[in-house]
Each structure stands twice: as C-alpha cells, then as structure tokens.
Amino acid sequence: MINNLNKKKQIVGNLAITYLEAGPESGQTIILFHGFPDSPTSYGPLMEQLVQRGYRVIAPYLRGYAPTTLLNLQDKNTGDIETLAEDAIRFFDALNLDKAIVVGQDWGSAIAREQKIQKLVKLNWYGIYMMAKSQKAASFDYTQLSNSWYIWMLNTRMGEMVLQYDAIKFSYALWRQWTPQWNSSQEQLFETAKTSFQTPEFCEVVLSAYRNGLNPAVKETALHRLIMKLPPIKVRTIVLTGSRDPVESSLMSKKSCDRYFIGPFEHRVIAGAGHFIHHQNTDDVLSAIIS
C-alpha cells in the first residue's frame, strides 16, 4: 500500500480532472496516463515502487472516466485523441509541471506528447498513427482487423446499446481477451477500476473516441490542428510492447519509427506480456522509467 496517496482535483476549462498523487513534491515528477478501459488505480503497484524511490507520481483520470467530470453536463463530451491530448497539455500547465517523465498506455500512450517533458515511455504504439491510417500503415493485417472487433462494434447502434446497458461486462471481456495470463490480481484491479466506467460520460466519450478515430473531424483550435499533425517526438522515448498483445499484433515499421521519433529511441518487446503491461510486468515498466 502507498502511504499518503492523495486524491485531488484540478479545474481545466470546463473539465474537473480528478487525479491521484503520491511522493515528495521535491522528487522528479512522473505522470501516468491510463488507457481504455482502465483507470489510474491500475498503476497502484507501479506507483508504490516509484514512491519508494523518491519520485513524485501523478495519475489523472481521463475525460469520461469517473470521478473526472464536466462542470456543465449539458456540454458535449468528446473523446477524440486531440481533445484528450489538449486536456493533458492544459493539465500540465495548470499544475506548472515541467521536465516530467510521462508514461502512457493505450489512450494514454496516444495523448502523451512531448510538451515540457523530459522523457516519454509508451506502453504500446497507439498514437503513432491515428486510427483511420493505422491499418493502411500495417498493410491491412487481417488478424489485427479481427482483433479490433470492438472498434467496429462501437461504430454501430449495437455498440451504443452495449455501452449504455452493459459497459462493465464489455470492459471485463476486453480485459480477459487482452491479458494472456489472467489471475486473481487482475480480478482485483478490475474490481477497483470498473467504478470509472459506470457513468453516461464514459459511454459518450468512448463512442466519440472510436467513431472519430475512423472518421476524423476537422478541429477548430490551433492546438487541435497542431496535435493532429503528430509532430515528431524529439525527447528520449522508450516504447514497450507485449509479445502477446492482441490489440497491436502488427509491428511498426522502421520507416515509421524514424518518421515519428527523431530523438533517442528504443523499442522493447516484453515476452509473454499482453496489452496491460503495467498490470503484470511492473518491473519492465519501472526499468524503462528509471533507466
């Protein structure tokens, strides 16, 4: 257990972001962004090890994941990657974060940009290509297309019904599919994380994320447009991928890596790991952060 784990709130525009924080304020700051469908609580074992080493650790709940919420629930809640990345950048600004180490998994990997950060640790490739281009980049890998069944379903009326009436079982099915070595620890992590999936905002943001991913909308703000361009990442970056991750079974080409990572770059494949590397391979993630 982590001593003095604090749950705090930061207002960012019309969004009240709840986040977990632990460790000394004087320590090197590490930001942990979670993915879909997950919550910051799943980083608990990793946070504990980082705090023991003197790091300050901050893990926000993304837009759509309770208890983070819109201040005005009448506003439209969108889950496109550009909006989530904009939330992250504004969160950094609000907390006056600088020179942080950023860790991101799944959605969190896509929104983890290099503004004001010292190092980036991505726990999958997500965000190198936007979803609409990813299959073309992977030369239409049909095993990958099959594994992405949930994306296609979420672009249908059936997907709306599943999220509206059965979000917990749907999320549980994805956890089981994406975790090759399921155990009691995974059950406990899910039981804690699932409380973030039980609001209408979760349904709205998830549908927006996966529908916009296939049909990107034109953004109005300069920050949105900048993020959509996916500028090359200059800071030191380590990408960890699981050898048994069905979400991203296709390897990213060297050409793509050279295009998007122009600073020091390393790719590590974690043998036997599934999609949630931070759940069961905490030591590998820790090594990437502190190396």
# chains A, B, ... in the order shown; residues from 1 in each chain; ligands from 1
$ residues_around --residues "A:Ile262" --least-positions-apart "6" --cutoff "9 Å" --atoms "only C-alpha atoms" --output "PyMOL selection string"
chain A and resi 232-236
$ write_last_selection --atoms "C-alpha atoms" --output "PDB file, in the first residue's frame"
ATOM      1  CA  PRO A 232       7.894  14.179 -34.491  1.00  0.00           C
ATOM      2  CA  ILE A 233       8.915  13.426 -30.909  1.00  0.00           C
ATOM      3  CA  LYS A 234      12.347  14.767 -30.011  1.00  0.00           C
ATOM      4  CA  VAL A 235      12.747  13.681 -26.381  1.00  0.00           C
ATOM      5  CA  ARG A 236      14.118  10.311 -25.348  1.00  0.00           C
TER       6      ARG A 236
END
$ residues_around --residues "A:Arg63" --least-positions-apart "6" --cutoff "10 Å" --atoms "only C-alpha atoms" --output "list of chain:residue names"
A:Leu15, A:Ala16, A:Ile17, A:Thr18, A:Thr69, A:Leu70, A:Asn77, A:Thr78, A:Gly79, A:Thr83, A:Leu84, A:Asp87, A:Ala88, A:Glu201, A:Phe202, A:Val205, A:Val206
$ select_by_dssp --residues "stretch 27-239 of chain A" --states "helix (DSSP H, G or I)" --output "ChimeraX atom specification"
/A:40-52,81-94,107-111,131-137,142-147,149-154,157-178,184-197,200-214,222-228
$ closest_residue --among "A:Gln49, A:Asn6, A:Ser196, A:Asn72" --to "A:Thr282" --atoms "only C-alpha atoms"
A:Gln49
$ closest_residue --among "A:Ser146, A:Ser39, A:Met158, A:Glu204" --to "A:Leu73" --atoms "only C-alpha atoms"
A:Glu204
$ residues_around --residues "A:Ala100" --least-positions-apart "3" --cutoff "7 Å" --atoms "only C-alpha atoms" --output "PyMOL selection string"
chain A and resi 28-31+97+117-118
$ write_last_selection --atoms "C-alpha atoms" --output "mmCIF file, in the first residue's frame"
data_model
loop_
_atom_site.group_PDB
_atom_site.id
_atom_site.type_symbol
_atom_site.label_atom_id
_atom_site.label_comp_id
_atom_site.auth_asym_id
_atom_site.auth_seq_id
_atom_site.Cartn_x
_atom_site.Cartn_y
_atom_site.Cartn_z
ATOM 1 C CA GLN A 28 11.242 14.010 -10.017
ATOM 2 C CA THR A 29 7.670 14.144 -11.335
ATOM 3 C CA ILE A 30 6.252 11.173 -13.220
ATOM 4 C CA ILE A 31 2.857 11.421 -14.938
ATOM 5 C CA LEU A 97 4.620 20.754 -14.486
ATOM 6 C CA ILE A 117 8.598 16.661 -20.650
ATOM 7 C CA GLN A 118 11.982 15.102 -20.147
#
$ atom_distance --atom1 "atom CA of A:Lys122" --atom2 "atom CA of A:Leu5"
24.0 Å
$ atom_distance --atom1 "atom CA of A:Ser249" --atom2 "atom CA of A:Asp141"
8.7 Å
$ atom_distance --atom1 "atom CA of A:Val247" --atom2 "atom CA of A:Thr195"
23.1 Å
$ select_by_dssp --residues "stretch 98-220 of chain A" --states "strand (DSSP E)" --output "list in words"
Ala100, Ile101, Val102, Val103, Gly104, Ile117, Gln118, Lys119, Leu120, Val121 and Lys122 of chain A
$ residues_around --residues "A:Thr41" --least-positions-apart "2" --cutoff "8 Å" --atoms "only C-alpha atoms" --output "list of chain:residue names"
A:Ser39, A:Tyr43, A:Gly44, A:Leu189, A:Thr192, A:Ala193
$ write_last_selection --atoms "N, CA, C and O atoms" --output "PDB file, in the first residue's frame"
ATOM      1  N   SER A  39      -8.216   2.673 -15.381  1.00  0.00           N
ATOM      2  CA  SER A  39      -8.223   3.851 -14.515  1.00  0.00           C
ATOM      3  C   SER A  39      -6.849   3.985 -13.871  1.00  0.00           C
ATOM      4  O   SER A  39      -6.032   3.044 -13.914  1.00  0.00           O
ATOM      5  N   TYR A  43      -2.382   1.578 -11.864  1.00  0.00           N
ATOM      6  CA  TYR A  43      -0.964   1.893 -11.730  1.00  0.00           C
ATOM      7  C   TYR A  43      -0.476   1.758 -10.289  1.00  0.00           C
ATOM      8  O   TYR A  43       0.679   2.055  -9.996  1.00  0.00           O
ATOM      9  N   GLY A  44      -1.358   1.331  -9.388  1.00  0.00           N
ATOM     10  CA  GLY A  44      -1.027   1.274  -7.972  1.00  0.00           C
ATOM     11  C   GLY A  44       0.302   0.604  -7.636  1.00  0.00           C
ATOM     12  O   GLY A  44       1.155   1.197  -6.959  1.00  0.00           O
ATOM     13  N   LEU A 189      -7.734  -5.723  -9.669  1.00  0.00           N
ATOM     14  CA  LEU A 189      -7.523  -4.459 -10.373  1.00  0.00           C
ATOM     15  C   LEU A 189      -8.785  -4.032 -11.111  1.00  0.00           C
ATOM     16  O   LEU A 189      -9.164  -2.851 -11.107  1.00  0.00           O
ATOM     17  N   THR A 192     -11.604  -2.623  -8.895  1.00  0.00           N
ATOM     18  CA  THR A 192     -11.362  -1.239  -8.491  1.00  0.00           C
ATOM     19  C   THR A 192     -11.565  -0.281  -9.661  1.00  0.00           C
ATOM     20  O   THR A 192     -12.186   0.775  -9.527  1.00  0.00           O
ATOM     21  N   ALA A 193     -11.053  -0.668 -10.833  1.00  0.00           N
ATOM     22  CA  ALA A 193     -11.096   0.222 -11.992  1.00  0.00           C
ATOM     23  C   ALA A 193     -12.507   0.423 -12.531  1.00  0.00           C
ATOM     24  O   ALA A 193     -12.837   1.502 -13.040  1.00  0.00           O
TER      25      ALA A 193
END
$ closest_residue --among "A:Trp182, A:Phe190, A:Tyr210, A:Phe265" --to "A:Thr156" --atoms "only C-alpha atoms"
A:Tyr210
$ closest_atom_pairs --of "stretch 43-109 of chain A" --to "stretch 33-36 of chain A" --cutoff "12 Å" --atoms "only C-alpha atoms" --output "tab-separated table"
residue	atom	partner	partner_atom	distance
A:Tyr43	CA	A:His34	CA	8.1
A:Gly44	CA	A:His34	CA	11.5
A:Val57	CA	A:Phe33	CA	11.0
A:Ile58	CA	A:Phe33	CA	8.8
A:Ala59	CA	A:Phe33	CA	6.1
A:Pro60	CA	A:Phe33	CA	6.5
A:Tyr61	CA	A:His34	CA	7.5
A:Leu62	CA	A:His34	CA	7.4
A:Arg63	CA	A:Gly35	CA	10.9
A:Gly64	CA	A:Phe36	CA	10.4
A:Tyr65	CA	A:Phe36	CA	9.4
A:Gly79	CA	A:Phe36	CA	11.1
A:Ile81	CA	A:Gly35	CA	11.4
A:Leu84	CA	A:Phe33	CA	10.6
A:Ala85	CA	A:Phe33	CA	10.6
A:Asp87	CA	A:Phe33	CA	11.5
A:Ala88	CA	A:Phe33	CA	8.9
A:Phe91	CA	A:Phe33	CA	11.6
A:Ile101	CA	A:Phe33	CA	11.1
A:Val102	CA	A:Phe33	CA	7.7
A:Val103	CA	A:Phe33	CA	6.2
A:Gly104	CA	A:Phe33	CA	4.7
A:Gln105	CA	A:Gly35	CA	5.3
A:Asp106	CA	A:Gly35	CA	4.5
A:Trp107	CA	A:Gly35	CA	4.3
A:Gly108	CA	A:Phe33	CA	4.5
A:Ser109	CA	A:Phe33	CA	7.2
$ write_last_selection --atoms "N, CA, C and O atoms" --output "short mmCIF file (atom, residue, chain, number, x, y, z; two decimals), in the first residue's frame"
data_model
loop_
_atom_site.label_atom_id
_atom_site.label_comp_id
_atom_site.auth_asym_id
_atom_site.auth_seq_id
_atom_site.Cartn_x
_atom_site.Cartn_y
_atom_site.Cartn_z
N TYR A 43 -2.38 1.58 -11.86
CA TYR A 43 -0.96 1.89 -11.73
C TYR A 43 -0.48 1.76 -10.29
O TYR A 43 0.68 2.06 -10.00
N GLY A 44 -1.36 1.33 -9.39
CA GLY A 44 -1.03 1.27 -7.97
C GLY A 44 0.30 0.60 -7.64
O GLY A 44 1.16 1.20 -6.96
N VAL A 57 4.60 11.11 -8.02
CA VAL A 57 3.83 10.44 -9.05
C VAL A 57 2.42 11.03 -9.11
O VAL A 57 1.76 11.18 -8.08
N ILE A 58 1.97 11.35 -10.33
CA ILE A 58 0.65 11.90 -10.55
C ILE A 58 -0.05 11.07 -11.62
O ILE A 58 0.52 10.81 -12.68
N ALA A 59 -1.29 10.64 -11.33
CA ALA A 59 -2.04 9.78 -12.27
C ALA A 59 -3.46 10.31 -12.41
O ALA A 59 -4.30 10.08 -11.53
N PRO A 60 -3.77 11.03 -13.50
CA PRO A 60 -5.11 11.59 -13.67
C PRO A 60 -6.12 10.60 -14.26
O PRO A 60 -5.75 9.69 -15.00
N TYR A 61 -7.38 10.81 -13.92
CA TYR A 61 -8.49 10.12 -14.57
C TYR A 61 -8.81 10.89 -15.85
O TYR A 61 -9.08 12.10 -15.79
N LEU A 62 -8.79 10.22 -16.98
CA LEU A 62 -9.05 10.90 -18.24
C LEU A 62 -10.50 11.35 -18.35
O LEU A 62 -11.38 10.88 -17.61
N ARG A 63 -10.74 12.25 -19.27
CA ARG A 63 -12.10 12.70 -19.61
C ARG A 63 -13.00 11.48 -19.86
O ARG A 63 -12.63 10.55 -20.60
N GLY A 64 -14.16 11.47 -19.22
CA GLY A 64 -15.10 10.37 -19.39
C GLY A 64 -14.99 9.29 -18.33
O GLY A 64 -15.88 8.44 -18.21
N TYR A 65 -13.92 9.30 -17.56
CA TYR A 65 -13.68 8.28 -16.54
C TYR A 65 -13.90 8.89 -15.15
O TYR A 65 -13.16 9.77 -14.72
N GLY A 79 -14.34 12.42 -27.13
CA GLY A 79 -13.21 11.59 -26.72
C GLY A 79 -12.16 11.43 -27.79
O GLY A 79 -11.34 10.50 -27.72
N ILE A 81 -8.72 11.88 -29.80
CA ILE A 81 -7.37 11.94 -29.25
C ILE A 81 -6.88 13.38 -29.11
O ILE A 81 -6.19 13.73 -28.15
N LEU A 84 -8.34 14.83 -25.92
CA LEU A 84 -7.69 14.23 -24.76
C LEU A 84 -6.27 14.76 -24.59
O LEU A 84 -5.81 15.01 -23.47
N ALA A 85 -5.56 14.94 -25.70
CA ALA A 85 -4.21 15.49 -25.64
C ALA A 85 -4.24 16.94 -25.18
O ALA A 85 -3.37 17.39 -24.41
N ASP A 87 -6.48 18.21 -23.20
CA ASP A 87 -6.71 18.12 -21.75
C ASP A 87 -5.40 17.92 -21.01
O ASP A 87 -5.14 18.54 -19.97
N ALA A 88 -4.57 17.01 -21.54
CA ALA A 88 -3.30 16.68 -20.89
C ALA A 88 -2.37 17.89 -20.85
O ALA A 88 -1.73 18.18 -19.83
N PHE A 91 -3.62 20.33 -18.38
CA PHE A 91 -3.39 19.80 -17.04
C PHE A 91 -1.95 20.09 -16.61
O PHE A 91 -1.70 20.52 -15.48
N ILE A 101 8.66 13.08 -16.44
CA ILE A 101 8.70 11.83 -17.20
C ILE A 101 7.26 11.40 -17.39
O ILE A 101 6.50 11.32 -16.42
N VAL A 102 6.87 11.14 -18.62
CA VAL A 102 5.48 10.79 -18.91
C VAL A 102 5.39 9.34 -19.36
O VAL A 102 6.14 8.89 -20.23
N VAL A 103 4.46 8.61 -18.74
CA VAL A 103 4.18 7.21 -19.09
C VAL A 103 2.74 7.14 -19.56
O VAL A 103 1.83 7.67 -18.91
N GLY A 104 2.51 6.51 -20.72
CA GLY A 104 1.16 6.41 -21.24
C GLY A 104 0.87 5.03 -21.79
O GLY A 104 1.72 4.42 -22.43
N GLN A 105 -0.35 4.52 -21.51
CA GLN A 105 -0.75 3.21 -22.01
C GLN A 105 -2.07 3.36 -22.77
O GLN A 105 -2.99 4.04 -22.32
N ASP A 106 -2.15 2.75 -23.97
CA ASP A 106 -3.36 2.78 -24.79
C ASP A 106 -3.73 4.23 -25.08
O ASP A 106 -2.94 4.95 -25.66
N TRP A 107 -4.93 4.71 -24.70
CA TRP A 107 -5.26 6.12 -24.94
C TRP A 107 -4.18 7.01 -24.34
O TRP A 107 -3.81 8.02 -24.92
N GLY A 108 -3.70 6.63 -23.17
CA GLY A 108 -2.67 7.43 -22.50
C GLY A 108 -1.39 7.51 -23.30
O GLY A 108 -0.66 8.51 -23.24
N SER A 109 -1.10 6.46 -24.07
CA SER A 109 0.08 6.46 -24.93
C SER A 109 -0.09 7.45 -26.07
O SER A 109 0.86 8.12 -26.49
#
$ closest_residue --among "A:Lys255, A:Arg176, A:Lys8, A:Arg211" --to "A:Gly274" --atoms "only C-alpha atoms"
A:Arg176
$ closest_residue --among "A:Arg244, A:Lys194, A:Lys119, A:Lys99" --to "A:Ala271" --atoms "only C-alpha atoms"
A:Arg244
$ closest_residue --among "A:Asn14, A:Trp125, A:Ser26, A:Arg56" --to "A:Lys76" --atoms "only C-alpha atoms"
A:Asn14
$ decode --residues "stretch 16-45 of chain A" --atoms "N, CA and C atoms" --output "compact mmCIF listing (two decimals), in the first residue's frame"
# COMPACT_ATOMS: atom_id res chain seq x y z
N ALA A 16 -13.38 19.05 -14.72
CA ALA A 16 -12.84 18.87 -13.37
C ALA A 16 -12.08 17.55 -13.36
N ILE A 17 -10.76 17.62 -13.47
CA ILE A 17 -9.92 16.42 -13.54
C ILE A 17 -9.55 15.96 -12.14
N THR A 18 -9.94 14.74 -11.82
CA THR A 18 -9.51 14.12 -10.57
C THR A 18 -8.22 13.36 -10.83
N TYR A 19 -7.28 13.43 -9.89
CA TYR A 19 -6.02 12.73 -10.09
C TYR A 19 -5.49 12.20 -8.76
N LEU A 20 -4.71 11.14 -8.85
CA LEU A 20 -4.02 10.57 -7.70
C LEU A 20 -2.61 11.12 -7.63
N GLU A 21 -2.14 11.41 -6.43
CA GLU A 21 -0.79 11.93 -6.27
C GLU A 21 -0.15 11.33 -5.03
N ALA A 22 1.12 10.98 -5.15
CA ALA A 22 1.87 10.43 -4.03
C ALA A 22 3.34 10.77 -4.21
N GLY A 23 4.08 10.72 -3.11
CA GLY A 23 5.51 11.00 -3.17
C GLY A 23 5.83 12.45 -2.84
N PRO A 24 7.11 12.72 -2.59
CA PRO A 24 7.53 14.07 -2.19
C PRO A 24 7.44 15.08 -3.34
N GLU A 25 7.01 16.29 -3.03
CA GLU A 25 6.92 17.33 -4.05
C GLU A 25 8.29 17.68 -4.63
N SER A 26 9.33 17.41 -3.87
CA SER A 26 10.69 17.72 -4.33
C SER A 26 11.23 16.66 -5.28
N GLY A 27 10.53 15.54 -5.41
CA GLY A 27 11.02 14.45 -6.26
C GLY A 27 10.77 14.69 -7.73
N GLN A 28 11.48 13.97 -8.58
CA GLN A 28 11.24 14.01 -10.02
C GLN A 28 9.80 13.61 -10.29
N THR A 29 9.08 14.41 -11.08
CA THR A 29 7.67 14.14 -11.33
C THR A 29 7.49 13.14 -12.46
N ILE A 30 6.62 12.17 -12.22
CA ILE A 30 6.25 11.17 -13.22
C ILE A 30 4.74 11.21 -13.39
N ILE A 31 4.28 11.39 -14.63
CA ILE A 31 2.86 11.42 -14.94
C ILE A 31 2.47 10.10 -15.57
N LEU A 32 1.42 9.48 -15.06
CA LEU A 32 0.94 8.19 -15.56
C LEU A 32 -0.45 8.38 -16.18
N PHE A 33 -0.54 8.22 -17.50
CA PHE A 33 -1.82 8.32 -18.20
C PHE A 33 -2.35 6.91 -18.49
N HIS A 34 -3.57 6.65 -18.06
CA HIS A 34 -4.16 5.32 -18.30
C HIS A 34 -4.83 5.27 -19.66
N GLY A 35 -5.32 4.08 -20.01
CA GLY A 35 -5.96 3.87 -21.30
C GLY A 35 -7.39 3.41 -21.17
N PHE A 36 -7.88 2.75 -22.22
CA PHE A 36 -9.25 2.24 -22.28
C PHE A 36 -9.25 0.72 -22.23
N PRO A 37 -10.18 0.11 -21.48
CA PRO A 37 -10.96 0.71 -20.41
C PRO A 37 -10.22 0.47 -19.09
N ASP A 38 -9.73 1.51 -18.48
CA ASP A 38 -8.87 1.36 -17.31
C ASP A 38 -9.00 2.59 -16.43
N SER A 39 -8.22 2.67 -15.38
CA SER A 39 -8.22 3.85 -14.52
C SER A 39 -6.85 3.98 -13.87
N PRO A 40 -6.55 5.13 -13.26
CA PRO A 40 -5.25 5.32 -12.62
C PRO A 40 -4.97 4.32 -11.51
N THR A 41 -6.01 3.74 -10.93
CA THR A 41 -5.81 2.81 -9.82
C THR A 41 -5.00 1.59 -10.25
N SER A 42 -5.04 1.26 -11.55
CA SER A 42 -4.28 0.09 -12.03
C SER A 42 -2.78 0.32 -11.99
N TYR A 43 -2.38 1.58 -11.86
CA TYR A 43 -0.96 1.89 -11.73
C TYR A 43 -0.48 1.76 -10.29
N GLY A 44 -1.36 1.33 -9.39
CA GLY A 44 -1.03 1.27 -7.97
C GLY A 44 0.30 0.60 -7.64
N PRO A 45 0.54 -0.65 -8.09
CA PRO A 45 1.80 -1.31 -7.78
C PRO A 45 3.02 -0.55 -8.31
